[in-house]
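In what follows, a single structure is set out as structure tokens and then discussed.
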Amino acid sequence: MDSYYSFILPTDDAFKSYIDPLSVAKGEPELWEFYYDEKGKRVKARAYEYDMASGVKGAEKSTAPTVAQVDDRLEDIIDYHIIVDTIDLSHDGKIYYRNKANGTVRVDVSQQGGYDVYGGYQIESEQPIHVTMDNIKDQTKEGNGKTYIVPNVMMTSLQSAYSAITAQAGDEANPGPFYEFHKLMGESGAFYVDEDFASFGQTIEAFNTYHYTIYIPSNEAVREAIDAGLPTMEQAEEFILTQEENYAFDEDDYRDSIRAIIADFVNYHIQDNSVYVGGGHNVGNYETSTLDAETGTFCRLSVVGTNSDLTVTDGSGNEQKVLTENPALYNIMTRDYLFDDSDIQQSKLIETSSFAVIHHVKDALYHHKNQVEGYKEKVKRLQEEFSINE
């Protein structure tokens with residue numbers, strides 16, 4: 001009760017148009033209609049086939065969602081609609097707000113009066129939910145927030161961090177702005193498939209039921225790092241070929257050693273806490289996913305955010321702003337789901353999830369000076385060590 005809340009409250013009719021994320025992950029999208037069963041005195045749901053491209057609802061499915069599934073999705077929805085802040089700050093330029101689910105929603109002041117609110121899915125589909133002035137319910141002086149009645153349910157992003165980065169990576173023939181770093185993420189093991197839980201394809205190995213920021217440096221910055229000494233798996237394979245006559249050479253161990261160096265570089269670009277351009281005044285030192293072997297602590301980044309920009313300073317002292325010229329390359333909202341069975345077709349519930357935002361930056365991030373030169377020396381020592389023919 002000491003905090004101030006903004007409760008986004010969907011009407012009963014709003015719950016007739018919920019896109020189930022698990023069904024999307026299965027490749028068979030369903031539109032759920034929640035309803036109150038007077039006889040059973042509880043909320044139930046009907047599921048319908050759904051065409052994501054056209055937005056057309058199809059035939060009702062023969063099997064309805066179970067009680068456990070309904071409760072699971074309702075809990076997820078409720079947490080996503082509770083904001084621990086006042087969205088009235090949108091008038092001052094703060095448009096991104098974290099909610100109880102650890103996700104983020106966007107709130108714009110509407111030209112029609114009131115607000116336009118967006119969950120991740122509403123941003124992706126460009127379908128804002130309008131809150132009229134007469135649907136804003138203020139509490140009493142003793143209250144601790146406002147209620148905003150909306151005609152649609154806010155839904156979270158249906159793109160994973162992997163899919164969002166891949167979408168901007170392109171390929172070798174037509175590289176996109178995330179191409180080089182995407183390659184390194186793949187080589188480092190940052191992308192992985194969980195053996196215990198199904199998901200939207202590959203997930204981010206460093207994620208653990210929280211909210212994160214991923215900074216993607218430019219292709220030029222990554223190539224500069226490689227030229228200066230950051231190894232690649234392609235270079236590792238070239239060295240392995242030189243050891244064909246060395247029967248004591250352990251190819252897998254050498255690959256793992258090089259992969260660990262790449263991961264040290266990549267993981268420093270993955271930070272705890274989602275920070276957005278337009279997320280209000282924000283000053284903090286945030287842990288990354290790179291562990292400092294000497295201190296046993298995670299390396300940090302310093303971040304200063306305002307309603308108009310976001311500045312990140314790495315451990316080497318390099319300060320740079322998130323690139324905002326292209327709206328498609330910053331404030332990219334994602335969610336990595338893990339579902340309750342390793343077989344996606346057998347999954348029923350949301351086991352857990354992690355939210356993330358992705359930003360494009362010009363330069364690579366380094367946790368200390370001469371970091372890449374250190375990589376170069378380490379690769380040299382590894383090659384000398386692994387080249388010994390016993």
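Convention: chains lettered A, B, ... in structure tokens order; per-chain residue numbering from 1; ligands numbered from 1 as shown.
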
Polymer residues at most 12 Å from region 43-50 of chain A, only C-alpha atoms, same-chain spacing of 3 or more positions, as a VMD selection string:
chain A and resid 12 15 to 21 23 to 24 27 to 40 53 to 74

So that each row is one residue of region 217-288 of chain A with an atom at most 8 Å from region 84-98 of chain A, can you give its shortest atom pair and the distance in Å to one decimal, using only C-alpha atoms, rows by chain and rising number, as a Markdown table?
| residue | atom | partner | partner_atom | distance |
| --- | --- | --- | --- | --- |
| A:Tyr276 | CA | A:Tyr96 | CA | 6.8 |
| A:Gly278 | CA | A:Lys94 | CA | 5.1 |
| A:Gly279 | CA | A:Tyr96 | CA | 4.7 |
| A:Gly280 | CA | A:Lys94 | CA | 4.9 |

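Residue nearest Asn267 (chain A), chosen from A:Asn219, A:Thr147, A:Ser188, A:Thr11 and counting only C-alpha atoms: A:Ser188.
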
Write down as a ChimeraX atom specification the residues of region 118-346 of chain A whose backbone DSSP state falls under helix (DSSP H, G or I).
/A:120-125,133-135,161-167,179-188,219-228,233-241,251-267,327-329,344-346

With the cut-off set at 12 Å and counting only C-alpha atoms, tabulate each residue of region 292-335 of chain A with an atom at most that distance from an atom of region 151-166 of chain A, showing the nearest atom pair and its distance in Å to one decimal, ordered by chain and increasing number, as a tab-separated table.
residue	atom	partner	partner_atom	distance
A:Ala328	CA	A:Ala164	CA	10.2
A:Leu329	CA	A:Ile165	CA	9.5
A:Tyr330	CA	A:Ala164	CA	11.0
A:Asn331	CA	A:Ala164	CA	11.3
A:Ile332	CA	A:Ala164	CA	7.6
A:Met333	CA	A:Ser157	CA	6.6
A:Thr334	CA	A:Ser160	CA	5.2
A:Arg335	CA	A:Ser160	CA	5.1

Which neighbours of Val275 (chain A) fall inside 9 Å, counting only C-alpha atoms, when residues of the same chain fewer than 5 positions from it are skipped, and could you give them as a list in words?
Tyr212, Thr213, Asn282, Val303, Gly305, Leu310, Asn331, Ala356 and Val357 of chain A

Would you please give, as a list in words, all residues of region 66-169 of chain A that DSSP assigns to strand (DSSP E or B) based on the backbone?
Ile82, Ile83, Tyr96, Tyr97, Arg98, Asn99, Thr104, Val105, Arg106, Val107, Asp108, Val109, Tyr115, Asp116, Val117, Tyr118, Ile129, His130, Val131, Ile136, Lys137, Asp138, Gly145, Lys146, Thr147, Tyr148, Ile149 and Val150 of chain A

Restricting it to N, CA and C atoms, dump the selection as a short mmCIF file (atom, residue, chain, number, x, y, z; two decimals), in the first residue's frame.
data_model
loop_
_atom_site.label_atom_id
_atom_site.label_comp_id
_atom_site.auth_asym_id
_atom_site.auth_seq_id
_atom_site.Cartn_x
_atom_site.Cartn_y
_atom_site.Cartn_z
N ILE A 82 -0.64 -4.79 -14.08
CA ILE A 82 -0.40 -4.02 -12.86
C ILE A 82 0.93 -3.30 -12.97
N ILE A 83 0.90 -1.97 -12.98
CA ILE A 83 2.10 -1.14 -13.13
C ILE A 83 2.36 -0.43 -11.80
N TYR A 96 7.59 4.26 -21.14
CA TYR A 96 7.76 2.82 -20.87
C TYR A 96 7.70 2.56 -19.37
N TYR A 97 6.91 1.54 -19.00
CA TYR A 97 6.67 1.24 -17.58
C TYR A 97 6.79 -0.27 -17.34
N ARG A 98 7.49 -0.61 -16.27
CA ARG A 98 7.59 -2.02 -15.90
C ARG A 98 6.34 -2.43 -15.14
N ASN A 99 5.92 -3.67 -15.36
CA ASN A 99 4.75 -4.18 -14.65
C ASN A 99 5.13 -5.30 -13.70
N THR A 104 7.33 -5.02 -19.71
CA THR A 104 7.23 -3.58 -19.91
C THR A 104 6.07 -3.28 -20.84
N VAL A 105 5.38 -2.18 -20.58
CA VAL A 105 4.30 -1.73 -21.46
C VAL A 105 4.61 -0.29 -21.87
N ARG A 106 4.03 0.10 -22.98
CA ARG A 106 4.21 1.46 -23.47
C ARG A 106 2.90 2.23 -23.31
N VAL A 107 3.00 3.49 -22.89
CA VAL A 107 1.82 4.33 -22.73
C VAL A 107 2.09 5.69 -23.38
N ASP A 108 1.32 6.03 -24.40
CA ASP A 108 1.43 7.33 -25.07
C ASP A 108 0.23 8.19 -24.72
N VAL A 109 0.46 9.49 -24.59
CA VAL A 109 -0.66 10.42 -24.46
C VAL A 109 -1.36 10.48 -25.81
N TYR A 115 -5.23 8.02 -23.11
CA TYR A 115 -3.95 7.37 -23.39
C TYR A 115 -4.12 6.26 -24.43
N ASP A 116 -3.01 5.96 -25.11
CA ASP A 116 -2.91 4.76 -25.93
C ASP A 116 -1.91 3.84 -25.25
N VAL A 117 -2.36 2.63 -24.89
CA VAL A 117 -1.48 1.70 -24.19
C VAL A 117 -1.16 0.52 -25.09
N TYR A 118 0.05 0.00 -24.91
CA TYR A 118 0.54 -1.10 -25.74
C TYR A 118 1.22 -2.15 -24.88
N ILE A 129 -4.27 0.28 -27.67
CA ILE A 129 -5.53 0.18 -26.94
C ILE A 129 -5.82 1.56 -26.35
N HIS A 130 -6.95 2.13 -26.71
CA HIS A 130 -7.24 3.50 -26.29
C HIS A 130 -7.98 3.53 -24.96
N VAL A 131 -7.51 4.41 -24.07
CA VAL A 131 -8.18 4.66 -22.80
C VAL A 131 -8.79 6.06 -22.86
N ILE A 136 -10.99 6.61 -16.90
CA ILE A 136 -9.91 6.71 -15.92
C ILE A 136 -10.53 6.97 -14.57
N LYS A 137 -10.40 6.03 -13.66
CA LYS A 137 -11.05 6.10 -12.36
C LYS A 137 -10.02 6.42 -11.28
N ASP A 138 -10.11 7.64 -10.75
CA ASP A 138 -9.18 8.07 -9.70
C ASP A 138 -9.64 7.52 -8.37
N GLY A 145 -3.57 4.81 -6.22
CA GLY A 145 -3.42 4.67 -7.66
C GLY A 145 -4.69 4.98 -8.42
N LYS A 146 -4.62 4.71 -9.74
CA LYS A 146 -5.76 4.90 -10.62
C LYS A 146 -6.03 3.62 -11.41
N THR A 147 -7.26 3.49 -11.83
CA THR A 147 -7.67 2.37 -12.66
C THR A 147 -8.01 2.89 -14.05
N TYR A 148 -7.50 2.19 -15.07
CA TYR A 148 -7.70 2.60 -16.46
C TYR A 148 -8.45 1.47 -17.17
N ILE A 149 -9.70 1.71 -17.49
CA ILE A 149 -10.54 0.67 -18.09
C ILE A 149 -10.29 0.64 -19.60
N VAL A 150 -9.98 -0.55 -20.12
CA VAL A 150 -9.62 -0.68 -21.54
C VAL A 150 -10.49 -1.75 -22.21
#

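With CA of Tyr215 (chain A) on one side and CA of Ala198 (chain A) on the other, the separation reads 25.7 Å.
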
Please list as a ChimeraX atom specification every residue within 9 Å of Glu205 (chain A), counting only C-alpha atoms and excluding residues in the same chain fewer than 4 positions away.
/A:189-194

With a distance cut-off of 8 Å and only C-alpha atoms, select the neighbouring residues of Ser354 (chain A), excluding the residue or stretch itself and same-chain residues fewer than 6 positions from it, and output the selection as an MDAnalysis selection string.
chainID A and resid 102 207:212 335:337

Under the rule that only C-alpha atoms are counted, which of A:Val277, A:Ala101, A:Leu241, A:Ile270 is the nearest residue to Phe298 (chain A)?
A:Ile270

Which residues of region 254-281 of chain A come within 9 Å of region 362-365 of chain A, and what is each one's closest atom pair and distance in Å (one decimal), counting only C-alpha atoms, sorted by chain and residue number, as a tab-separated table?
residue	atom	partner	partner_atom	distance
A:Phe265	CA	A:Leu365	CA	8.0
A:Val266	CA	A:Leu365	CA	9.0
A:Tyr268	CA	A:Leu365	CA	6.9
A:His269	CA	A:Leu365	CA	6.5
